[in-house]
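Trainee: Below is upload_25.pdb; it holds PDB, N, CA and C atoms, pLDDT in the B column.
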ATOM      1  N   MET A 113      -5.105   4.410  21.880  1.00 53.00           N
ATOM      2  CA  MET A 113      -4.550   4.148  20.570  1.00 53.00           C
ATOM      3  C   MET A 113      -3.525   3.024  20.683  1.00 53.00           C
ATOM      4  N   GLY A 114      -3.552   2.109  19.751  1.00 57.00           N
ATOM      5  CA  GLY A 114      -2.607   1.008  19.734  1.00 57.00           C
ATOM      6  C   GLY A 114      -1.299   1.422  19.081  1.00 57.00           C
ATOM      7  N   ALA A 115      -0.480   0.444  18.830  1.00 67.00           N
ATOM      8  CA  ALA A 115       0.803   0.701  18.181  1.00 67.00           C
ATOM      9  C   ALA A 115       0.583   1.150  16.740  1.00 67.00           C
ATOM     10  N   ARG A 116       1.443   2.008  16.279  1.00 83.00           N
ATOM     11  CA  ARG A 116       1.365   2.483  14.892  1.00 83.00           C
ATOM     12  C   ARG A 116       1.691   1.346  13.938  1.00 83.00           C
ATOM     13  N   LEU A 117       0.954   1.280  12.848  1.00 89.00           N
ATOM     14  CA  LEU A 117       1.185   0.277  11.813  1.00 89.00           C
ATOM     15  C   LEU A 117       2.238   0.837  10.869  1.00 89.00           C
ATOM     16  N   ARG A 118       3.354   0.137  10.748  1.00 93.00           N
ATOM     17  CA  ARG A 118       4.469   0.640   9.955  1.00 93.00           C
ATOM     18  C   ARG A 118       5.110  -0.506   9.197  1.00 93.00           C
ATOM     19  N   VAL A 119       5.415  -0.272   7.941  1.00 95.00           N
ATOM     20  CA  VAL A 119       6.133  -1.257   7.137  1.00 95.00           C
ATOM     21  C   VAL A 119       7.529  -0.726   6.838  1.00 95.00           C
ATOM     22  N   PHE A 120       8.440  -1.624   6.622  1.00 95.00           N
ATOM     23  CA  PHE A 120       9.805  -1.286   6.251  1.00 95.00           C
ATOM     24  C   PHE A 120      10.127  -2.024   4.961  1.00 95.00           C
ATOM     25  N   LEU A 121      10.738  -1.317   4.025  1.00 96.00           N
ATOM     26  CA  LEU A 121      11.033  -1.885   2.712  1.00 96.00           C
ATOM     27  C   LEU A 121      12.527  -2.000   2.499  1.00 96.00           C
ATOM     28  N   THR A 122      12.914  -3.046   1.790  1.00 96.00           N
ATOM     29  CA  THR A 122      14.286  -3.129   1.313  1.00 96.00           C
ATOM     30  C   THR A 122      14.399  -2.221   0.094  1.00 96.00           C
ATOM     31  N   GLY A 123      15.595  -1.940  -0.331  1.00 96.00           N
ATOM     32  CA  GLY A 123      15.788  -1.132  -1.529  1.00 96.00           C
ATOM     33  C   GLY A 123      15.142  -1.760  -2.744  1.00 96.00           C
ATOM     34  N   GLU A 124      15.236  -3.067  -2.837  1.00 97.00           N
ATOM     35  CA  GLU A 124      14.649  -3.788  -3.971  1.00 97.00           C
ATOM     36  C   GLU A 124      13.121  -3.691  -3.957  1.00 97.00           C
ATOM     37  N   GLN A 125      12.513  -3.873  -2.783  1.00 96.00           N
ATOM     38  CA  GLN A 125      11.059  -3.764  -2.679  1.00 96.00           C
ATOM     39  C   GLN A 125      10.589  -2.363  -3.039  1.00 96.00           C
ATOM     40  N   ASP A 126      11.293  -1.345  -2.559  1.00 97.00           N
ATOM     41  CA  ASP A 126      10.930   0.029  -2.867  1.00 97.00           C
ATOM     42  C   ASP A 126      11.006   0.292  -4.365  1.00 97.00           C
ATOM     43  N   GLN A 127      12.030  -0.242  -5.001  1.00 97.00           N
ATOM     44  CA  GLN A 127      12.197  -0.056  -6.443  1.00 97.00           C
ATOM     45  C   GLN A 127      11.069  -0.759  -7.211  1.00 97.00           C
ATOM     46  N   ILE A 128      10.717  -1.958  -6.803  1.00 97.00           N
ATOM     47  CA  ILE A 128       9.641  -2.702  -7.468  1.00 97.00           C
ATOM     48  C   ILE A 128       8.324  -1.943  -7.338  1.00 97.00           C
ATOM     49  N   LEU A 129       8.022  -1.475  -6.132  1.00 97.00           N
ATOM     50  CA  LEU A 129       6.774  -0.732  -5.919  1.00 97.00           C
ATOM     51  C   LEU A 129       6.772   0.576  -6.704  1.00 97.00           C
ATOM     52  N   GLY A 130       7.908   1.237  -6.783  1.00 96.00           N
ATOM     53  CA  GLY A 130       8.007   2.470  -7.558  1.00 96.00           C
ATOM     54  C   GLY A 130       7.826   2.227  -9.042  1.00 96.00           C
ATOM     55  N   ASN A 131       8.346   1.110  -9.539  1.00 96.00           N
ATOM     56  CA  ASN A 131       8.223   0.784 -10.962  1.00 96.00           C
ATOM     57  C   ASN A 131       6.793   0.439 -11.365  1.00 96.00           C
ATOM     58  N   LEU A 132       5.973   0.020 -10.396  1.00 94.00           N
ATOM     59  CA  LEU A 132       4.583  -0.311 -10.716  1.00 94.00           C
ATOM     60  C   LEU A 132       3.825   0.891 -11.257  1.00 94.00           C
ATOM     61  N   ARG A 133       4.258   2.102 -10.900  1.00 90.00           N
ATOM     62  CA  ARG A 133       3.591   3.313 -11.395  1.00 90.00           C
ATOM     63  C   ARG A 133       3.693   3.418 -12.910  1.00 90.00           C
ATOM     64  N   LYS A 134       4.743   2.855 -13.502  1.00 92.00           N
ATOM     65  CA  LYS A 134       4.974   2.959 -14.946  1.00 92.00           C
ATOM     66  C   LYS A 134       4.416   1.756 -15.709  1.00 92.00           C
ATOM     67  N   GLU A 135       4.043   0.723 -14.981  1.00 94.00           N
ATOM     68  CA  GLU A 135       3.583  -0.514 -15.619  1.00 94.00           C
ATOM     69  C   GLU A 135       2.099  -0.418 -15.998  1.00 94.00           C
ATOM     70  N   ASP A 136       1.685  -1.323 -16.853  1.00 96.00           N
ATOM     71  CA  ASP A 136       0.284  -1.410 -17.257  1.00 96.00           C
ATOM     72  C   ASP A 136      -0.443  -2.326 -16.277  1.00 96.00           C
ATOM     73  N   VAL A 137      -0.739  -1.790 -15.104  1.00 95.00           N
ATOM     74  CA  VAL A 137      -1.460  -2.525 -14.061  1.00 95.00           C
ATOM     75  C   VAL A 137      -2.657  -1.667 -13.638  1.00 95.00           C
ATOM     76  N   PRO A 138      -3.654  -2.272 -13.005  1.00 95.00           N
ATOM     77  CA  PRO A 138      -4.826  -1.490 -12.575  1.00 95.00           C
ATOM     78  C   PRO A 138      -4.432  -0.339 -11.633  1.00 95.00           C
ATOM     79  N   GLN A 139      -5.203   0.734 -11.688  1.00 96.00           N
ATOM     80  CA  GLN A 139      -4.936   1.906 -10.848  1.00 96.00           C
ATOM     81  C   GLN A 139      -4.963   1.553  -9.359  1.00 96.00           C
ATOM     82  N   LYS A 140      -5.831   0.631  -8.972  1.00 96.00           N
ATOM     83  CA  LYS A 140      -5.900   0.221  -7.568  1.00 96.00           C
ATOM     84  C   LYS A 140      -4.563  -0.344  -7.100  1.00 96.00           C
ATOM     85  N   VAL A 141      -3.910  -1.103  -7.951  1.00 97.00           N
ATOM     86  CA  VAL A 141      -2.613  -1.689  -7.602  1.00 97.00           C
ATOM     87  C   VAL A 141      -1.580  -0.575  -7.431  1.00 97.00           C
ATOM     88  N   LYS A 142      -1.594   0.403  -8.323  1.00 97.00           N
ATOM     89  CA  LYS A 142      -0.670   1.536  -8.227  1.00 97.00           C
ATOM     90  C   LYS A 142      -0.900   2.313  -6.936  1.00 97.00           C
ATOM     91  N   ASP A 143      -2.177   2.527  -6.591  1.00 97.00           N
ATOM     92  CA  ASP A 143      -2.504   3.254  -5.362  1.00 97.00           C
ATOM     93  C   ASP A 143      -2.025   2.487  -4.134  1.00 97.00           C
ATOM     94  N   ARG A 144      -2.240   1.192  -4.121  1.00 97.00           N
ATOM     95  CA  ARG A 144      -1.804   0.383  -2.976  1.00 97.00           C
ATOM     96  C   ARG A 144      -0.291   0.409  -2.837  1.00 97.00           C
ATOM     97  N   ALA A 145       0.413   0.349  -3.959  1.00 97.00           N
ATOM     98  CA  ALA A 145       1.872   0.435  -3.915  1.00 97.00           C
ATOM     99  C   ALA A 145       2.311   1.776  -3.346  1.00 97.00           C
ATOM    100  N   SER A 146       1.633   2.847  -3.727  1.00 98.00           N
ATOM    101  CA  SER A 146       1.957   4.178  -3.209  1.00 98.00           C
ATOM    102  C   SER A 146       1.694   4.268  -1.714  1.00 98.00           C
ATOM    103  N   VAL A 147       0.613   3.659  -1.260  1.00 98.00           N
ATOM    104  CA  VAL A 147       0.298   3.646   0.172  1.00 98.00           C
ATOM    105  C   VAL A 147       1.431   2.989   0.956  1.00 98.00           C
ATOM    106  N   ILE A 148       1.905   1.881   0.462  1.00 98.00           N
ATOM    107  CA  ILE A 148       2.979   1.153   1.146  1.00 98.00           C
ATOM    108  C   ILE A 148       4.255   1.982   1.179  1.00 98.00           C
ATOM    109  N   ARG A 149       4.595   2.594   0.058  1.00 98.00           N
ATOM    110  CA  ARG A 149       5.812   3.414   0.006  1.00 98.00           C
ATOM    111  C   ARG A 149       5.713   4.628   0.924  1.00 98.00           C
ATOM    112  N   LEU A 150       4.562   5.281   0.967  1.00 98.00           N
ATOM    113  CA  LEU A 150       4.387   6.440   1.841  1.00 98.00           C
ATOM    114  C   LEU A 150       4.518   6.032   3.307  1.00 98.00           C
ATOM    115  N   ASN A 151       3.937   4.891   3.665  1.00 98.00           N
ATOM    116  CA  ASN A 151       4.045   4.429   5.039  1.00 98.00           C
ATOM    117  C   ASN A 151       5.491   4.111   5.392  1.00 98.00           C
ATOM    118  N   ALA A 152       6.201   3.495   4.459  1.00 97.00           N
ATOM    119  CA  ALA A 152       7.614   3.188   4.698  1.00 97.00           C
ATOM    120  C   ALA A 152       8.444   4.464   4.832  1.00 97.00           C
ATOM    121  N   ASP A 153       7.985   5.546   4.205  1.00 97.00           N
ATOM    122  CA  ASP A 153       8.670   6.838   4.314  1.00 97.00           C
ATOM    123  C   ASP A 153       8.308   7.586   5.593  1.00 97.00           C
ATOM    124  N   GLY A 154       7.440   6.999   6.420  1.00 96.00           N
ATOM    125  CA  GLY A 154       7.130   7.601   7.703  1.00 96.00           C
ATOM    126  C   GLY A 154       5.767   8.248   7.818  1.00 96.00           C
ATOM    127  N   TRP A 155       4.960   8.191   6.764  1.00 97.00           N
ATOM    128  CA  TRP A 155       3.616   8.766   6.834  1.00 97.00           C
ATOM    129  C   TRP A 155       2.742   7.873   7.720  1.00 97.00           C
ATOM    130  N   TYR A 156       1.935   8.508   8.574  1.00 96.00           N
ATOM    131  CA  TYR A 156       0.997   7.777   9.416  1.00 96.00           C
ATOM    132  C   TYR A 156      -0.238   7.400   8.614  1.00 96.00           C
ATOM    133  N   VAL A 157      -0.948   6.386   9.112  1.00 97.00           N
ATOM    134  CA  VAL A 157      -2.159   5.901   8.450  1.00 97.00           C
ATOM    135  C   VAL A 157      -3.144   7.040   8.208  1.00 97.00           C
ATOM    136  N   GLU A 158      -3.323   7.901   9.204  1.00 96.00           N
ATOM    137  CA  GLU A 158      -4.293   8.985   9.086  1.00 96.00           C
ATOM    138  C   GLU A 158      -3.932   9.947   7.955  1.00 96.00           C
ATOM    139  N   LYS A 159      -2.668  10.253   7.808  1.00 97.00           N
ATOM    140  CA  LYS A 159      -2.225  11.174   6.760  1.00 97.00           C
ATOM    141  C   LYS A 159      -2.392  10.541   5.378  1.00 97.00           C
ATOM    142  N   ILE A 160      -2.067   9.257   5.267  1.00 98.00           N
ATOM    143  CA  ILE A 160      -2.225   8.550   3.990  1.00 98.00           C
ATOM    144  C   ILE A 160      -3.703   8.496   3.602  1.00 98.00           C
ATOM    145  N   ALA A 161      -4.560   8.198   4.576  1.00 98.00           N
ATOM    146  CA  ALA A 161      -6.004   8.127   4.305  1.00 98.00           C
ATOM    147  C   ALA A 161      -6.520   9.471   3.809  1.00 98.00           C
ATOM    148  N   ALA A 162      -6.076  10.543   4.420  1.00 98.00           N
ATOM    149  CA  ALA A 162      -6.512  11.876   3.990  1.00 98.00           C
ATOM    150  C   ALA A 162      -5.984  12.194   2.595  1.00 98.00           C
ATOM    151  N   HIS A 163      -4.754  11.798   2.315  1.00 97.00           N
ATOM    152  CA  HIS A 163      -4.137  12.065   1.009  1.00 97.00           C
ATOM    153  C   HIS A 163      -4.906  11.376  -0.119  1.00 97.00           C
ATOM    154  N   PHE A 164      -5.320  10.138   0.101  1.00 97.00           N
ATOM    155  CA  PHE A 164      -6.026   9.372  -0.928  1.00 97.00           C
ATOM    156  C   PHE A 164      -7.544   9.503  -0.823  1.00 97.00           C
ATOM    157  N   ASN A 165      -8.012  10.198   0.216  1.00 98.00           N
ATOM    158  CA  ASN A 165      -9.442  10.304   0.496  1.00 98.00           C
ATOM    159  C   ASN A 165     -10.047   8.921   0.712  1.00 98.00           C
ATOM    160  N   TRP A 166      -9.331   8.097   1.475  1.00 97.00           N
ATOM    161  CA  TRP A 166      -9.745   6.747   1.831  1.00 97.00           C
ATOM    162  C   TRP A 166     -10.078   6.709   3.309  1.00 97.00           C
ATOM    163  N   ASN A 167     -10.757   5.663   3.722  1.00 97.00           N
ATOM    164  CA  ASN A 167     -10.980   5.393   5.124  1.00 97.00           C
ATOM    165  C   ASN A 167      -9.688   4.837   5.728  1.00 97.00           C
ATOM    166  N   GLU A 168      -9.433   5.133   6.987  1.00 96.00           N
ATOM    167  CA  GLU A 168      -8.223   4.627   7.646  1.00 96.00           C
ATOM    168  C   GLU A 168      -8.191   3.109   7.675  1.00 96.00           C
ATOM    169  N   LYS A 169      -9.353   2.475   7.784  1.00 97.00           N
ATOM    170  CA  LYS A 169      -9.408   1.011   7.787  1.00 97.00           C
ATOM    171  C   LYS A 169      -8.897   0.441   6.467  1.00 97.00           C
ATOM    172  N   THR A 170      -9.181   1.133   5.380  1.00 97.00           N
ATOM    173  CA  THR A 170      -8.719   0.682   4.063  1.00 97.00           C
ATOM    174  C   THR A 170      -7.203   0.722   3.992  1.00 97.00           C
ATOM    175  N   VAL A 171      -6.614   1.785   4.498  1.00 98.00           N
ATOM    176  CA  VAL A 171      -5.150   1.910   4.498  1.00 98.00           C
ATOM    177  C   VAL A 171      -4.538   0.804   5.356  1.00 98.00           C
ATOM    178  N   ARG A 172      -5.103   0.570   6.526  1.00 97.00           N
ATOM    179  CA  ARG A 172      -4.585  -0.491   7.403  1.00 97.00           C
ATOM    180  C   ARG A 172      -4.686  -1.860   6.726  1.00 97.00           C
ATOM    181  N   LYS A 173      -5.796  -2.080   6.019  1.00 97.00           N
ATOM    182  CA  LYS A 173      -5.981  -3.356   5.317  1.00 97.00           C
ATOM    183  C   LYS A 173      -4.891  -3.559   4.266  1.00 97.00           C
ATOM    184  N   VAL A 174      -4.578  -2.500   3.512  1.00 97.00           N
ATOM    185  CA  VAL A 174      -3.526  -2.579   2.495  1.00 97.00           C
ATOM    186  C   VAL A 174      -2.181  -2.902   3.149  1.00 97.00           C
ATOM    187  N   LEU A 175      -1.883  -2.238   4.246  1.00 98.00           N
ATOM    188  CA  LEU A 175      -0.599  -2.456   4.921  1.00 98.00           C
ATOM    189  C   LEU A 175      -0.510  -3.860   5.509  1.00 98.00           C
ATOM    190  N   ARG A 176      -1.601  -4.351   6.063  1.00 97.00           N
ATOM    191  CA  ARG A 176      -1.585  -5.719   6.620  1.00 97.00           C
ATOM    192  C   ARG A 176      -1.433  -6.762   5.520  1.00 97.00           C
ATOM    193  N   LYS A 177      -2.125  -6.532   4.388  1.00 97.00           N
ATOM    194  CA  LYS A 177      -1.987  -7.482   3.267  1.00 97.00           C
ATOM    195  C   LYS A 177      -0.548  -7.502   2.763  1.00 97.00           C
ATOM    196  N   TRP A 178       0.111  -6.339   2.747  1.00 97.00           N
ATOM    197  CA  TRP A 178       1.499  -6.282   2.325  1.00 97.00           C
ATOM    198  C   TRP A 178       2.355  -7.108   3.282  1.00 97.00           C
ATOM    199  N   LYS A 179       2.142  -6.936   4.578  1.00 96.00           N
ATOM    200  CA  LYS A 179       2.935  -7.665   5.568  1.00 96.00           C
ATOM    201  C   LYS A 179       2.719  -9.172   5.464  1.00 96.00           C
ATOM    202  N   ASN A 180       1.483  -9.588   5.186  1.00 96.00           N
ATOM    203  CA  ASN A 180       1.156 -11.014   5.160  1.00 96.00           C
ATOM    204  C   ASN A 180       1.407 -11.684   3.816  1.00 96.00           C
ATOM    205  N   GLU A 181       1.179 -10.949   2.718  1.00 96.00           N
ATOM    206  CA  GLU A 181       1.226 -11.574   1.393  1.00 96.00           C
ATOM    207  C   GLU A 181       2.285 -11.003   0.471  1.00 96.00           C
ATOM    208  N   GLY A 182       2.848  -9.870   0.828  1.00 95.00           N
ATOM    209  CA  GLY A 182       3.845  -9.249  -0.034  1.00 95.00           C
ATOM    210  C   GLY A 182       3.234  -8.691  -1.304  1.00 95.00           C
ATOM    211  N   LEU A 183       3.978  -8.746  -2.372  1.00 94.00           N
ATOM    212  CA  LEU A 183       3.571  -8.165  -3.650  1.00 94.00           C
ATOM    213  C   LEU A 183       2.240  -8.722  -4.158  1.00 94.00           C
ATOM    214  N   GLU A 184       2.000  -9.991  -3.917  1.00 94.00           N
ATOM    215  CA  GLU A 184       0.756 -10.617  -4.389  1.00 94.00           C
ATOM    216  C   GLU A 184      -0.472 -10.007  -3.732  1.00 94.00           C
ATOM    217  N   GLY A 185      -0.325  -9.428  -2.553  1.00 94.00           N
ATOM    218  CA  GLY A 185      -1.444  -8.840  -1.846  1.00 94.00           C
ATOM    219  C   GLY A 185      -1.950  -7.543  -2.460  1.00 94.00           C
ATOM    220  N   LEU A 186      -1.234  -7.008  -3.450  1.00 95.00           N
ATOM    221  CA  LEU A 186      -1.659  -5.762  -4.085  1.00 95.00           C
ATOM    222  C   LEU A 186      -2.779  -5.978  -5.092  1.00 95.00           C
ATOM    223  N   TRP A 187      -2.849  -7.182  -5.642  1.00 93.00           N
ATOM    224  CA  TRP A 187      -3.847  -7.463  -6.672  1.00 93.00           C
ATOM    225  C   TRP A 187      -5.131  -7.988  -6.081  1.00 93.00           C
ATOM    226  N   GLU A 188      -6.233  -7.775  -6.804  1.00 87.00           N
ATOM    227  CA  GLU A 188      -7.541  -8.279  -6.413  1.00 87.00           C
ATOM    228  C   GLU A 188      -7.635  -9.772  -6.749  1.00 87.00           C
ATOM    229  N   LEU A 189      -8.371 -10.493  -5.924  1.00 81.00           N
ATOM    230  CA  LEU A 189      -8.632 -11.884  -6.243  1.00 81.00           C
ATOM    231  C   LEU A 189      -9.680 -11.946  -7.346  1.00 81.00           C
ATOM    232  N   PRO A 190      -9.685 -13.005  -8.154  1.00 81.00           N
ATOM    233  CA  PRO A 190     -10.695 -13.111  -9.202  1.00 81.00           C
ATOM    234  C   PRO A 190     -12.096 -13.139  -8.599  1.00 81.00           C
ATOM    235  N   GLY A 191     -13.037 -12.577  -9.335  1.00 77.00           N
ATOM    236  CA  GLY A 191     -14.425 -12.543  -8.871  1.00 77.00           C
ATOM    237  C   GLY A 191     -15.094 -13.891  -8.931  1.00 77.00           C
ATOM    238  N   ARG A 192     -16.291 -13.939  -8.407  1.00 71.00           N
ATOM    239  CA  ARG A 192     -17.035 -15.210  -8.378  1.00 71.00           C
ATOM    240  C   ARG A 192     -17.801 -15.452  -9.661  1.00 71.00           C
ATOM    241  N   GLY A 193     -17.975 -14.456 -10.473  1.00 64.00           N
ATOM    242  CA  GLY A 193     -18.830 -14.675 -11.619  1.00 64.00           C
ATOM    243  C   GLY A 193     -18.281 -14.203 -12.823  1.00 64.00           C
TER     244      GLY A 193
END
Represent the structure of the file as structure tokens.

Mentor:
Amino acid sequence: MGARLRVFLTGEQDQILGNLRKEDVPQKVKDRASVIRLNADGWYVEKIAAHFNWNEKTVRKVLRKWKNEGLEGLWELPGRG
């Protein structure tokens, strides 16, 4: 097993992600924000995946996008058609 994937949030980032639950944004964005907050609270990838009934790879992808892109990484890119 490699190193655990863990994110750390500032108070401001945590507040922004928490506020997304009340905003009119797609459910996928809300779920991704929750994944990030749970990981920052100490939940392991495996526990988060079980909680959301997601694959562990999906959770890792969300966490990596957060680390690389920040808030913008929560949204889907526009489709091709």

Trainee: Which centre and which edge lengths, in Å to one decimal, describe the axis-aligned box that holds all listed atoms of range 165-178 of chain A after 6 Å is added on each side, as lines of an AutoDock Vina configuration file?

Mentor:
center_x = -4.3
center_y = 1.4
center_z = 4.0
size_x = 25.3
size_y = 29.8
size_z = 19.6

Trainee: What are the DSSP alpha helix (DSSP H) residues of range 114-171 of chain A, as JSON, numbers by chain?

Mentor: {"A": [123, 124, 125, 126, 127, 128, 129, 130, 131, 139, 140, 141, 142, 143, 144, 145, 146, 147, 148, 149, 150, 151, 152, 157, 158, 159, 160, 161, 162, 163, 164, 168, 169, 170, 171]}

Trainee: Take the PyMOL selection byres (((chain A and resi 119-135 and name CA) around 7) and name CA), run it mentally on this structure, and tell me the resulting residues as a PyMOL selection string.

Mentor: chain A and resi 117-118+136-137+142+145+149+151-152

Trainee: Where does the PyMOL selection byres (((chain A and resi 157 and name CA) around 8) and name CA) land in this file, that is, which residues does it pick, as an MDAnalysis selection string?

Mentor: chainID A and resid 117 151 155:156 158:161 168 171:172

Trainee: For Arg144 in chain A, which residue out of A:Glu181, A:Leu186, A:Arg116, A:Asn165 is the nearest one, using all atoms listed in the file?

Mentor: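 Closest candidate: A:Leu186.
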
Trainee: Hey, can you check how far CA of Leu183 in chain A sits from CA of Ser146 in chain A?

Mentor: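 Pair CA of Leu183 in chain A / CA of Ser146 in chain A returns 12.5 Å.
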
Trainee: Can you work out the spacing between CA of Asp143 in chain A and CA of Asn180 in chain A in Å, to one decimal?

Mentor: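 Going from CA of Asp143 in chain A over to CA of Asn180 in chain A, I get 18.1 Å.
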
Trainee: May I ask for the distance between CA of Ile148 in chain A and CA of Val174 in chain A, given in Å to one decimal place?

Mentor: 7.6 Å

Trainee: Between A:Lys140, A:Val147, A:Gly191, A:His163, which is the closest to Leu175 in chain A once you count only N, CA and C atoms?

Mentor: A:Val147
